[in-house]
Amino acid sequence: MISKIPVGILGATGTVGQRFIQLLHEHPWFEITWLAASDRSAGKLYPEAAKWNLATAIPANIAAMKVSAAAPDGTTPKLVFAALDATAAQQIEPAFAEAGHAVVSNSSAFRMAEDVPLIIPEVNGDHVPLIKTQKWYKKNGGFMVTNPNCSAIGLVLALAPLHRRFGIDKIFVATMQAISGAGYPGVPSMDILGNVIPYIAKEEDKMEAETRKLLGSLVESALNGSRVVDADLTLSAHCNRVAVEDGHTESVSLKLRKPATAQEIIEAWDEFRCLPQKLKLPTAPEQPIIYESAPDRPQPRLDRDRGRGMSAVCGRLRPCNIFDWKFTVLSHNTIRGAAGAALLNGELLKAQGYIS
Ligand code: NAP
């Protein structure tokens with residue numbers, strides 16, 4: 001029998017923490033041995049601490065586990081998936097890296113730090129070696145890796161093959177983001193039912209900055225060491241919260257650097273296969289980008305679970321009167337946009353020998 005790698009979950013009781021538990025159940029490489037959340041939850045059995053909101057049952061082994069305090073202790077495994085509130089993550093995540101843990105984080109707290117890789121394995125898996133510039137890694141092998149904001153992930157998956165083949169100059173994107181993106185209990189029902197909220201705090205800035213870092217290049221120089229140089233493109237994001245449970249939908253217009261036909265764009269999406277697919281990482285979808293030709297797709301209810309929630313679904317490609325092309329992209333915000341994204345990062349780290 002092959003023994004699995006023990007993993008911990010920080011923020012295990014929240015929306016993303018629950019997805020981690022669901023996705024890690026019977027995972028071929030990883031096994032949850034440690035769960036942690038706030039002081040409110042610490043010391044309780046998991047089902048007493050978490051308001052479980054998923055359609056599958058809490059796995060029996062998890063239901064029997066006690067929630068720990070969010071601090072490294074003698075039982076915390078090397079690999080810790082983190083789904084903490086960003087303010088809490090600011091203090092807590094570095095403490096784990098300092099103690100020698102590999103922190104694979106969902107929060108925005110360190111995504112834009114110069115020495116922290118912000119990774120979508122299909123897009124910029126080659127940025128992972130930035131880990132080696134972290135002070136923790138040099139000291140005791142601890143490090144931190146992040147995945148992007150849930151709305152940046154779907155957008156960047158759709159952009160990456162086009163950026164590689166044709167170059168992207170300008171992007172305009174308007175999002176329709178699900179309520180689960182705000183965590184639990186999230187947006188009050190009195191605010192969101194029958195309504196659209198045209199504001200999500202800090203979301204537009206995150207989308208704009210993270211997209212440039214994700215599509216950027218890792219460069220090495222004798223003077224500055226490794227660093228990411230942002231992609232040279234301009235992006236304007238409009239972020240809206242809508243009364244959808246799961247799945248972020250985005251309307252995108254873009255200006256390319258080289259002309260491309262609709263067929264060439266769809267081919268670039270269809271043929272997009274990268275490191276996670278080559279390495280056959282367990283959470284990698286066979287097809288990272290699916291193009292749906294029906295005129296009324298993608299839709300969150302019908303398409304968010306494609307590729308087990310890990311594929312971005314594009315549709316409605318058509319000419320744009322202001323830029324070159326416009327289309328719609330949809331991705332599952334708590335799977336591809338959060339827990340599934342971090343899990344894929346963890347699998348990539350293992351495949352590349354950063355976790356044994
Ligand atoms: P959530 O439902 O509010 O859960 C937050 C978690 O953090 C809970 O487990 C909570 O524990 C824990 N926590 C809060 N304050 C803490 C503290 N001071 N010390 C220790 N633990 C603390 O939020 P979420 O939606 O799961 O999001 C988690 C992170 O992922 C956030 O940074 C969010 O921005 C990011 N993210 C979310 C999504 C999404 O679609 N939801 C997508 C991408 C990224 P208690 O239950 O004990 O309070």
# chains A, B, ... in the order shown; residues from 1 in each chain; ligands from 1
>>> residues_around(residues="A:Thr283", least_positions_apart="4", cutoff="9 Å", atoms="only C-alpha atoms", output="ChimeraX atom specification")
/A:23,27,276,308,310,340-341,343-344,347
>>> residues_around(residues="stretch 37-52 of chain A", least_positions_apart="2", cutoff="6 Å", atoms="only C-alpha atoms", output="number ranges by chain")
A: 10-13, 63, 65-70
>>> write_last_selection(atoms="all heavy atoms", output="short mmCIF file (atom, residue, chain, number, x, y, z; two decimals), in the first residue's frame")
data_model
loop_
_atom_site.label_atom_id
_atom_site.label_comp_id
_atom_site.auth_asym_id
_atom_site.auth_seq_id
_atom_site.Cartn_x
_atom_site.Cartn_y
_atom_site.Cartn_z
N LEU A 10 -6.14 25.03 6.96
CA LEU A 10 -6.34 26.24 7.78
C LEU A 10 -7.60 26.94 7.27
O LEU A 10 -7.72 27.19 6.07
CB LEU A 10 -5.16 27.19 7.56
CG LEU A 10 -3.98 27.13 8.49
CD1 LEU A 10 -2.85 28.01 7.94
CD2 LEU A 10 -4.35 27.58 9.88
N GLY A 11 -8.52 27.26 8.18
CA GLY A 11 -9.79 27.84 7.72
C GLY A 11 -10.72 26.73 7.25
O GLY A 11 -11.51 26.92 6.32
N ALA A 12 -10.63 25.55 7.90
CA ALA A 12 -11.33 24.35 7.43
C ALA A 12 -12.85 24.45 7.55
O ALA A 12 -13.57 23.69 6.90
CB ALA A 12 -10.84 23.13 8.24
N THR A 13 -13.35 25.38 8.36
CA THR A 13 -14.79 25.45 8.60
C THR A 13 -15.52 26.34 7.58
O THR A 13 -16.74 26.30 7.52
CB THR A 13 -15.05 26.04 10.01
OG1 THR A 13 -14.26 27.23 10.13
CG2 THR A 13 -14.69 25.05 11.09
N ALA A 63 -15.60 14.00 10.36
CA ALA A 63 -16.62 14.25 11.40
C ALA A 63 -16.08 13.89 12.78
O ALA A 63 -16.53 14.45 13.79
CB ALA A 63 -17.88 13.45 11.08
N MET A 65 -12.95 14.37 13.71
CA MET A 65 -11.73 15.14 14.03
C MET A 65 -12.06 16.40 14.83
O MET A 65 -13.10 17.03 14.62
CB MET A 65 -11.00 15.55 12.74
CG MET A 65 -10.23 14.40 12.12
SD MET A 65 -9.57 14.84 10.49
CE MET A 65 -8.23 15.87 10.95
N LYS A 66 -11.12 16.77 15.70
CA LYS A 66 -11.26 18.03 16.45
C LYS A 66 -10.58 19.16 15.67
O LYS A 66 -9.55 18.94 15.02
CB LYS A 66 -10.57 17.89 17.80
CG LYS A 66 -11.55 17.55 18.90
CD LYS A 66 -11.01 17.91 20.27
CE LYS A 66 -12.06 17.54 21.30
NZ LYS A 66 -11.51 17.32 22.60
N VAL A 67 -11.14 20.34 15.75
CA VAL A 67 -10.55 21.51 15.10
C VAL A 67 -9.46 22.07 16.02
O VAL A 67 -9.70 22.26 17.22
CB VAL A 67 -11.63 22.57 14.81
CG1 VAL A 67 -11.02 23.81 14.17
CG2 VAL A 67 -12.74 21.99 13.93
N SER A 68 -8.28 22.32 15.44
CA SER A 68 -7.17 22.90 16.21
C SER A 68 -7.19 24.42 16.12
O SER A 68 -7.85 25.00 15.25
CB SER A 68 -5.83 22.40 15.64
OG SER A 68 -5.75 21.02 15.72
N ALA A 69 -6.40 25.04 16.98
CA ALA A 69 -6.18 26.49 16.85
C ALA A 69 -5.28 26.73 15.64
O ALA A 69 -4.53 25.85 15.24
CB ALA A 69 -5.50 27.01 18.12
N ALA A 70 -5.37 27.95 15.05
CA ALA A 70 -4.63 28.24 13.82
C ALA A 70 -3.19 28.64 14.12
O ALA A 70 -2.75 29.75 13.81
CB ALA A 70 -5.35 29.31 13.03
#
>>> closest_residue(among="A:Gly353, A:Gly225, A:Gly309, A:Gly181", to="A:Asn149", atoms="only C-alpha atoms")
A:Gly181
>>> residues_near_ligand(ligand="ligand 1", cutoff="8 Å", atoms="only C-alpha atoms and all ligand atoms", output="NGL selection string")
:A and (10-18 or 36-42 or 49-50 or 69-70 or 82-89 or 92 or 105-109 or 147-151 or 178 or 180-186 or 246 or 333-335 or 337-339)
>>> write_last_selection(atoms="N, CA and C atoms", output="short mmCIF file (atom, residue, chain, number, x, y, z; two decimals), in the first residue's frame")
data_model
loop_
_atom_site.label_atom_id
_atom_site.label_comp_id
_atom_site.auth_asym_id
_atom_site.auth_seq_id
_atom_site.Cartn_x
_atom_site.Cartn_y
_atom_site.Cartn_z
N LEU A 10 -6.14 25.03 6.96
CA LEU A 10 -6.34 26.24 7.78
C LEU A 10 -7.60 26.94 7.27
N GLY A 11 -8.52 27.26 8.18
CA GLY A 11 -9.79 27.84 7.72
C GLY A 11 -10.72 26.73 7.25
N ALA A 12 -10.63 25.55 7.90
CA ALA A 12 -11.33 24.35 7.43
C ALA A 12 -12.85 24.45 7.55
N THR A 13 -13.35 25.38 8.36
CA THR A 13 -14.79 25.45 8.60
C THR A 13 -15.52 26.34 7.58
N GLY A 14 -14.81 27.12 6.79
CA GLY A 14 -15.43 28.11 5.90
C GLY A 14 -15.86 27.50 4.56
N THR A 15 -16.33 28.36 3.67
CA THR A 15 -16.83 27.93 2.36
C THR A 15 -15.75 27.19 1.57
N VAL A 16 -14.56 27.76 1.52
CA VAL A 16 -13.48 27.14 0.76
C VAL A 16 -12.91 25.94 1.53
N GLY A 17 -12.82 26.07 2.86
CA GLY A 17 -12.34 24.95 3.68
C GLY A 17 -13.18 23.71 3.47
N GLN A 18 -14.49 23.89 3.36
CA GLN A 18 -15.39 22.74 3.15
C GLN A 18 -15.14 22.11 1.79
N ALA A 36 -7.84 23.28 11.13
CA ALA A 36 -7.77 24.42 12.06
C ALA A 36 -8.69 25.54 11.59
N ALA A 37 -9.14 26.34 12.55
CA ALA A 37 -9.97 27.52 12.24
C ALA A 37 -9.74 28.54 13.36
N SER A 38 -10.71 29.43 13.55
CA SER A 38 -10.51 30.50 14.54
C SER A 38 -10.70 29.96 15.96
N ASP A 39 -10.46 30.83 16.93
CA ASP A 39 -10.65 30.45 18.34
C ASP A 39 -12.10 30.04 18.62
N ARG A 40 -13.02 30.59 17.82
CA ARG A 40 -14.44 30.24 17.97
C ARG A 40 -14.66 28.73 17.75
N SER A 41 -13.86 28.16 16.87
CA SER A 41 -14.04 26.75 16.49
C SER A 41 -13.06 25.80 17.18
N ALA A 42 -11.90 26.33 17.60
CA ALA A 42 -10.84 25.46 18.13
C ALA A 42 -11.34 24.65 19.33
N ALA A 49 -18.33 22.71 14.80
CA ALA A 49 -17.72 24.00 14.48
C ALA A 49 -18.17 24.54 13.12
N ALA A 50 -18.42 23.62 12.16
CA ALA A 50 -18.70 24.07 10.78
C ALA A 50 -20.19 23.99 10.48
N ALA A 69 -6.40 25.04 16.98
CA ALA A 69 -6.18 26.49 16.85
C ALA A 69 -5.28 26.73 15.64
N ALA A 70 -5.37 27.95 15.05
CA ALA A 70 -4.63 28.24 13.82
C ALA A 70 -3.19 28.64 14.12
N ALA A 82 -4.49 26.60 2.85
CA ALA A 82 -5.04 27.68 3.67
C ALA A 82 -6.22 28.36 3.00
N ALA A 83 -7.32 28.49 3.75
CA ALA A 83 -8.53 29.18 3.25
C ALA A 83 -9.00 30.13 4.33
N LEU A 84 -8.09 31.00 4.75
CA LEU A 84 -8.36 31.94 5.84
C LEU A 84 -8.87 33.26 5.30
N ASP A 85 -9.67 33.89 6.09
CA ASP A 85 -10.02 35.29 5.87
C ASP A 85 -8.70 36.07 5.67
N ALA A 86 -8.68 37.02 4.71
CA ALA A 86 -7.41 37.67 4.34
C ALA A 86 -6.73 38.38 5.50
N THR A 87 -7.52 38.99 6.39
CA THR A 87 -6.91 39.71 7.52
C THR A 87 -6.21 38.72 8.45
N ALA A 88 -6.87 37.60 8.70
CA ALA A 88 -6.26 36.57 9.56
C ALA A 88 -5.02 35.99 8.88
N ALA A 89 -5.12 35.79 7.54
CA ALA A 89 -4.01 35.17 6.79
C ALA A 89 -2.73 36.02 6.89
N ILE A 92 -1.24 34.84 10.15
CA ILE A 92 -1.13 33.40 10.42
C ILE A 92 -0.28 32.67 9.38
N SER A 105 -1.90 28.79 -0.34
CA SER A 105 -2.93 29.72 0.16
C SER A 105 -3.91 30.19 -0.91
N ASN A 106 -5.12 30.45 -0.45
CA ASN A 106 -6.20 31.02 -1.25
C ASN A 106 -6.39 32.50 -1.05
N SER A 107 -5.84 33.03 0.02
CA SER A 107 -6.20 34.40 0.39
C SER A 107 -5.40 35.40 -0.43
N SER A 108 -5.86 36.64 -0.42
CA SER A 108 -5.20 37.67 -1.21
C SER A 108 -4.00 38.27 -0.49
N ALA A 109 -3.79 37.88 0.79
CA ALA A 109 -2.83 38.59 1.64
C ALA A 109 -1.42 38.70 1.02
N ASN A 147 -2.89 30.99 -4.99
CA ASN A 147 -3.67 30.96 -6.24
C ASN A 147 -4.46 32.27 -6.34
N PRO A 148 -4.87 32.62 -7.55
CA PRO A 148 -5.49 33.93 -7.73
C PRO A 148 -6.91 34.02 -7.19
N ASN A 149 -7.39 35.23 -7.21
CA ASN A 149 -8.77 35.58 -6.95
C ASN A 149 -9.69 34.74 -7.86
N CYS A 150 -10.88 34.40 -7.33
CA CYS A 150 -11.78 33.49 -8.06
C CYS A 150 -12.24 34.04 -9.41
N SER A 151 -12.29 35.36 -9.57
CA SER A 151 -12.72 35.88 -10.87
C SER A 151 -11.53 36.01 -11.84
N ALA A 178 -20.90 34.97 -8.18
CA ALA A 178 -21.83 34.24 -7.31
C ALA A 178 -21.67 34.67 -5.85
N SER A 180 -21.47 32.74 -3.23
CA SER A 180 -20.54 31.91 -2.44
C SER A 180 -19.13 32.50 -2.46
N GLY A 181 -18.85 33.38 -3.41
CA GLY A 181 -17.56 34.04 -3.47
C GLY A 181 -17.31 34.94 -2.28
N ALA A 182 -18.37 35.28 -1.55
CA ALA A 182 -18.21 36.16 -0.38
C ALA A 182 -18.09 35.36 0.91
N GLY A 183 -17.92 34.03 0.82
CA GLY A 183 -17.81 33.22 2.03
C GLY A 183 -19.16 33.05 2.71
N TYR A 184 -19.16 32.45 3.89
CA TYR A 184 -20.42 32.19 4.62
C TYR A 184 -20.46 33.03 5.89
N PRO A 185 -21.56 33.68 6.25
CA PRO A 185 -22.85 33.72 5.56
C PRO A 185 -22.89 34.70 4.39
N GLY A 186 -21.83 35.43 4.16
CA GLY A 186 -21.71 36.24 2.96
C GLY A 186 -22.69 37.39 2.87
N ASP A 246 -23.30 29.47 -7.09
CA ASP A 246 -21.89 29.16 -7.42
C ASP A 246 -21.65 29.43 -8.90
N ASN A 333 -16.40 29.13 -8.86
CA ASN A 333 -15.55 29.98 -7.99
C ASN A 333 -14.98 29.27 -6.78
N THR A 334 -15.67 28.26 -6.22
CA THR A 334 -15.07 27.62 -5.04
C THR A 334 -14.26 26.38 -5.41
N ILE A 335 -14.38 25.90 -6.67
CA ILE A 335 -13.54 24.75 -7.10
C ILE A 335 -12.36 25.33 -7.90
N GLY A 337 -11.88 28.24 -8.79
CA GLY A 337 -11.51 29.56 -8.28
C GLY A 337 -10.94 29.55 -6.88
N ALA A 338 -10.87 28.39 -6.22
CA ALA A 338 -10.39 28.39 -4.83
C ALA A 338 -9.79 27.03 -4.46
N ALA A 339 -10.59 26.14 -3.85
CA ALA A 339 -10.01 24.90 -3.29
C ALA A 339 -9.38 24.02 -4.37
#
>>> atom_distance(atom1="atom CA of A:Gly167", atom2="atom CA of A:Lys258")
6.5 Å
>>> closest_residue(among="A:Ala201, A:Ala174, A:Leu79, A:Ala294", to="A:Leu317", atoms="only C-alpha atoms")
A:Ala294
>>> closest_residue(among="A:Leu275, A:Leu54, A:Ala312, A:Ala99", to="A:Asp73", atoms="only C-alpha atoms")
A:Ala99
>>> atom_distance(atom1="atom CA of A:Cys274", atom2="atom CA of A:Val80")
25.0 Å
>>> closest_residue(among="A:Ser311, A:Arg165, A:Val156, A:Arg306", to="A:Ala268", atoms="only C-alpha atoms")
A:Arg165
>>> closest_residue(among="A:Trp269, A:Tyr199, A:Phe30, A:Phe323", to="A:Pro77", atoms="only C-alpha atoms")
A:Phe30
>>> residues_around(residues="A:Pro188", least_positions_apart="6", cutoff="12 Å", atoms="only C-alpha atoms", output="list in words")
Ile179, Ser180, Ala182, Asn195, Ile197, Arg241 and Ala243 of chain A
>>> write_last_selection(atoms="all heavy atoms", output="PDB file, in the first residue's frame")
ATOM      1  N   ILE A 179     -22.723  34.434  -5.074  1.00  0.00           N
ATOM      2  CA  ILE A 179     -22.691  34.842  -3.661  1.00  0.00           C
ATOM      3  C   ILE A 179     -21.719  33.998  -2.831  1.00  0.00           C
ATOM      4  O   ILE A 179     -21.178  34.482  -1.846  1.00  0.00           O
ATOM      5  CB  ILE A 179     -24.100  34.832  -3.013  1.00  0.00           C
ATOM      6  CG1 ILE A 179     -24.802  33.509  -3.272  1.00  0.00           C
ATOM      7  CG2 ILE A 179     -24.933  35.997  -3.487  1.00  0.00           C
ATOM      8  CD1 ILE A 179     -26.113  33.351  -2.501  1.00  0.00           C
ATOM      9  N   SER A 180     -21.466  32.739  -3.227  1.00  0.00           N
ATOM     10  CA  SER A 180     -20.538  31.909  -2.438  1.00  0.00           C
ATOM     11  C   SER A 180     -19.127  32.496  -2.463  1.00  0.00           C
ATOM     12  O   SER A 180     -18.293  32.160  -1.628  1.00  0.00           O
ATOM     13  CB  SER A 180     -20.520  30.468  -2.944  1.00  0.00           C
ATOM     14  OG  SER A 180     -20.120  30.432  -4.294  1.00  0.00           O
ATOM     15  N   ALA A 182     -18.367  35.280  -1.552  1.00  0.00           N
ATOM     16  CA  ALA A 182     -18.214  36.164  -0.383  1.00  0.00           C
ATOM     17  C   ALA A 182     -18.092  35.365   0.907  1.00  0.00           C
ATOM     18  O   ALA A 182     -18.155  35.941   1.994  1.00  0.00           O
ATOM     19  CB  ALA A 182     -19.400  37.114  -0.312  1.00  0.00           C
ATOM     20  N   ASN A 195     -31.719  41.275  -6.955  1.00  0.00           N
ATOM     21  CA  ASN A 195     -30.864  42.462  -7.019  1.00  0.00           C
ATOM     22  C   ASN A 195     -29.502  42.159  -7.650  1.00  0.00           C
ATOM     23  O   ASN A 195     -29.117  40.990  -7.792  1.00  0.00           O
ATOM     24  CB  ASN A 195     -30.658  42.973  -5.581  1.00  0.00           C
ATOM     25  CG  ASN A 195     -30.320  44.442  -5.543  1.00  0.00           C
ATOM     26  OD1 ASN A 195     -30.419  45.138  -6.551  1.00  0.00           O
ATOM     27  ND2 ASN A 195     -29.916  44.925  -4.393  1.00  0.00           N
ATOM     28  N   ILE A 197     -25.485  43.793  -7.104  1.00  0.00           N
ATOM     29  CA  ILE A 197     -24.707  44.772  -6.334  1.00  0.00           C
ATOM     30  C   ILE A 197     -23.449  45.112  -7.149  1.00  0.00           C
ATOM     31  O   ILE A 197     -22.601  44.238  -7.356  1.00  0.00           O
ATOM     32  CB  ILE A 197     -24.342  44.207  -4.946  1.00  0.00           C
ATOM     33  CG1 ILE A 197     -25.638  43.872  -4.194  1.00  0.00           C
ATOM     34  CG2 ILE A 197     -23.488  45.201  -4.161  1.00  0.00           C
ATOM     35  CD1 ILE A 197     -25.439  43.160  -2.891  1.00  0.00           C
ATOM     36  N   ARG A 241     -21.842  41.606  -7.972  1.00  0.00           N
ATOM     37  CA  ARG A 241     -22.339  40.417  -7.256  1.00  0.00           C
ATOM     38  C   ARG A 241     -23.774  40.166  -7.713  1.00  0.00           C
ATOM     39  O   ARG A 241     -24.587  41.108  -7.730  1.00  0.00           O
ATOM     40  CB  ARG A 241     -22.297  40.684  -5.747  1.00  0.00           C
ATOM     41  CG  ARG A 241     -22.631  39.489  -4.905  1.00  0.00           C
ATOM     42  CD  ARG A 241     -21.521  38.460  -4.827  1.00  0.00           C
ATOM     43  NE  ARG A 241     -20.364  38.887  -4.066  1.00  0.00           N
ATOM     44  CZ  ARG A 241     -19.168  38.299  -4.139  1.00  0.00           C
ATOM     45  NH1 ARG A 241     -18.964  37.265  -4.946  1.00  0.00           N
ATOM     46  NH2 ARG A 241     -18.154  38.730  -3.418  1.00  0.00           N
ATOM     47  N   ALA A 243     -27.299  37.221  -7.880  1.00  0.00           N
ATOM     48  CA  ALA A 243     -27.974  36.198  -7.059  1.00  0.00           C
ATOM     49  C   ALA A 243     -27.840  34.806  -7.676  1.00  0.00           C
ATOM     50  O   ALA A 243     -28.807  34.170  -8.078  1.00  0.00           O
ATOM     51  CB  ALA A 243     -29.434  36.577  -6.882  1.00  0.00           C
TER      52      ALA A 243
END
>>> select_by_dssp(residues="stretch 204-316 of chain A", states="helix (DSSP H, G or I)", output="list in words")
Glu204, Asp205, Lys206, Met207, Glu208, Ala209, Glu210, Thr211, Arg212, Lys213, Leu214, Ala262, Gln263, Glu264, Ile265, Ile266, Glu267, Ala268, Trp269, Asp270, Leu275, Pro276, Gln277, Lys278, Pro300, Arg301, Leu302 and Asp303 of chain A
>>> closest_residue(among="A:Gln134, A:Asn140, A:Ser189, A:Asn124", to="A:Asn345", atoms="only C-alpha atoms")
A:Asn124
>>> residues_around(residues="A:Leu330", least_positions_apart="4", cutoff="12 Å", atoms="only C-alpha atoms", output="count of residues only")
46
>>> residues_around(residues="A:Trp325", least_positions_apart="2", cutoff="9 Å", atoms="only C-alpha atoms", output="count of residues only")
14
